Amino acid sequence: MKKSFTLLALSFLLAGSLNAAGTDHRTMLMKDMRTMLDAMEDIQRGGLYSSTEDMKAGIKKLQGTLKTLESEEIKFILPKDQVYAYKFAQKTAHMLRLYSDDMIVAIEAGRMDEALEDYSQLLKQCTSCHIRIRNW
């Protein structure tokens with residue numbers, strides 16, 4: 001009885017560790033996606049309350065997550081049946097970086113209308129990726 005219980009526990013541990021290796025990438029992406037959502041909320045809140053510092057902090061948070069989309073590891077997470085998914089994720093990350101960099105320039109120049117237009121473009125990039133890759 002004790003031997004079978006030990007064998008059963010060992011098999012669960014082995015199966016769990018094998019499964020964990022495949023989900024590490026997915027867990028990392030899920031965490032980064034939540035952080036991206038928080039960052040977009042921070043940017044929007046900063047814009048609505050005229051807090052450029054909050055907007056810049058949100059942009060910095062957003063840009064910190066782009067390394068996941070830009071990395072080769074994203075291939076382990078993206079749908080295998082969508083050949084274009086990796087290149088699309090790379091392009092989306094590039095555009096997110098471009099618009100967020102432009103947003104910082106606009107904020108520092110005091111052009112809030114341009115900064116909010118950049119925010120709109122950031123949101124469009126997020127939506128576009130979710131529509132295409134997540135099949136919404």
# chains A, B, ... in the order shown; residues from 1 in each chain; ligands from 1

call {"tool": "residues_around", "arguments": {"residues": "Met40 in chain A", "least_positions_apart": "6", "cutoff": "8 Å", "atoms": "only C-alpha atoms", "output": "list in words"}}
result
Gly58, Ile59, Leu62 and Leu123 of chain A

call {"tool": "write_last_selection", "arguments": {"atoms": "N, CA, C and O atoms", "output": "CSV table (one decimal), in the first residue's frame"}}
result
chain,number,residue,atom,x,y,z
A,58,GLY,N,3.0,54.2,-17.1
A,58,GLY,CA,2.3,53.2,-17.8
A,58,GLY,C,3.0,52.8,-19.1
A,58,GLY,O,3.1,51.6,-19.4
A,59,ILE,N,3.6,53.7,-19.8
A,59,ILE,CA,4.3,53.4,-21.0
A,59,ILE,C,5.5,52.6,-20.7
A,59,ILE,O,5.8,51.6,-21.4
A,62,LEU,N,4.4,49.1,-20.1
A,62,LEU,CA,4.1,48.5,-21.3
A,62,LEU,C,5.3,48.0,-22.1
A,62,LEU,O,5.4,46.9,-22.5
A,123,LEU,N,-4.0,50.9,-28.6
A,123,LEU,CA,-5.2,50.0,-28.3
A,123,LEU,C,-5.6,49.3,-29.6
A,123,LEU,O,-5.9,48.1,-29.5

call {"tool": "atom_distance", "arguments": {"atom1": "CA of Ser51 in chain A", "atom2": "CA of Lys124 in chain A"}}
result
22.4 Å

call {"tool": "closest_atom_pairs", "arguments": {"of": "range 57-112 of chain A", "to": "range 27-32 of chain A", "cutoff": "9 Å", "atoms": "only C-alpha atoms", "output": "CSV"}}
result
residue,atom,partner,partner_atom,distance
A:Leu62,CA,A:Asp32,CA,8.9
A:Gly64,CA,A:Asp32,CA,8.8
A:Thr65,CA,A:Asp32,CA,5.6
A:Leu66,CA,A:Asp32,CA,8.3
A:Thr68,CA,A:Leu29,CA,6.8
A:Leu69,CA,A:Leu29,CA,8.3
A:Ile74,CA,A:Leu29,CA,7.9
A:Ile77,CA,A:Leu29,CA,7.8

call {"tool": "closest_residue", "arguments": {"among": "A:Glu70, A:Glu53, A:Asp24, A:Glu117", "to": "Arg97 in chain A", "atoms": "only C-alpha atoms"}}
result
A:Glu70

call {"tool": "select_by_dssp", "arguments": {"residues": "range 24-135 of chain A", "states": "helix (DSSP H, G or I)", "output": "MDAnalysis selection string"}}
result
chainID A and resid 24:48 52:70 72:76 85:108 112:133

call {"tool": "residues_around", "arguments": {"residues": "Ile104 in chain A", "least_positions_apart": "4", "cutoff": "9 Å", "atoms": "only C-alpha atoms", "output": "ChimeraX atom specification"}}
result
/A:55-56,59,99-100,108-109,115

call {"tool": "write_last_selection", "arguments": {"atoms": "N, CA and C atoms", "output": "CSV table (one decimal), in the first residue's frame"}}
result
chain,number,residue,atom,x,y,z
A,55,MET,N,1.1,58.6,-17.0
A,55,MET,CA,1.1,58.1,-18.4
A,55,MET,C,2.5,57.5,-18.8
A,56,LYS,N,3.6,58.2,-18.4
A,56,LYS,CA,4.9,57.8,-18.7
A,56,LYS,C,5.2,56.5,-17.9
A,59,ILE,N,3.6,53.7,-19.8
A,59,ILE,CA,4.3,53.4,-21.0
A,59,ILE,C,5.5,52.6,-20.7
A,99,TYR,N,4.7,53.3,-31.3
A,99,TYR,CA,3.7,54.3,-30.8
A,99,TYR,C,3.9,54.7,-29.4
A,100,SER,N,4.4,53.8,-28.6
A,100,SER,CA,4.7,54.2,-27.2
A,100,SER,C,5.9,55.2,-27.1
A,108,GLU,N,6.1,64.8,-23.6
A,108,GLU,CA,7.2,65.7,-23.2
A,108,GLU,C,7.1,67.1,-23.9
A,109,ALA,N,6.5,67.1,-25.1
A,109,ALA,CA,6.3,68.3,-25.9
A,109,ALA,C,5.0,69.0,-25.5
A,115,ALA,N,-0.6,62.6,-28.0
A,115,ALA,CA,-0.3,61.5,-27.1
A,115,ALA,C,-1.5,60.6,-27.0

call {"tool": "atom_distance", "arguments": {"atom1": "CA of Ala106 in chain A", "atom2": "CA of Lys87 in chain A"}}
result
28.5 Å

call {"tool": "atom_distance", "arguments": {"atom1": "CA of Ser71 in chain A", "atom2": "CA of His25 in chain A"}}
result
11.0 Å

call {"tool": "closest_residue", "arguments": {"among": "A:Glu41, A:Asp113, A:Asp118, A:Glu72", "to": "Gln90 in chain A", "atoms": "only C-alpha atoms"}}
result
A:Glu72
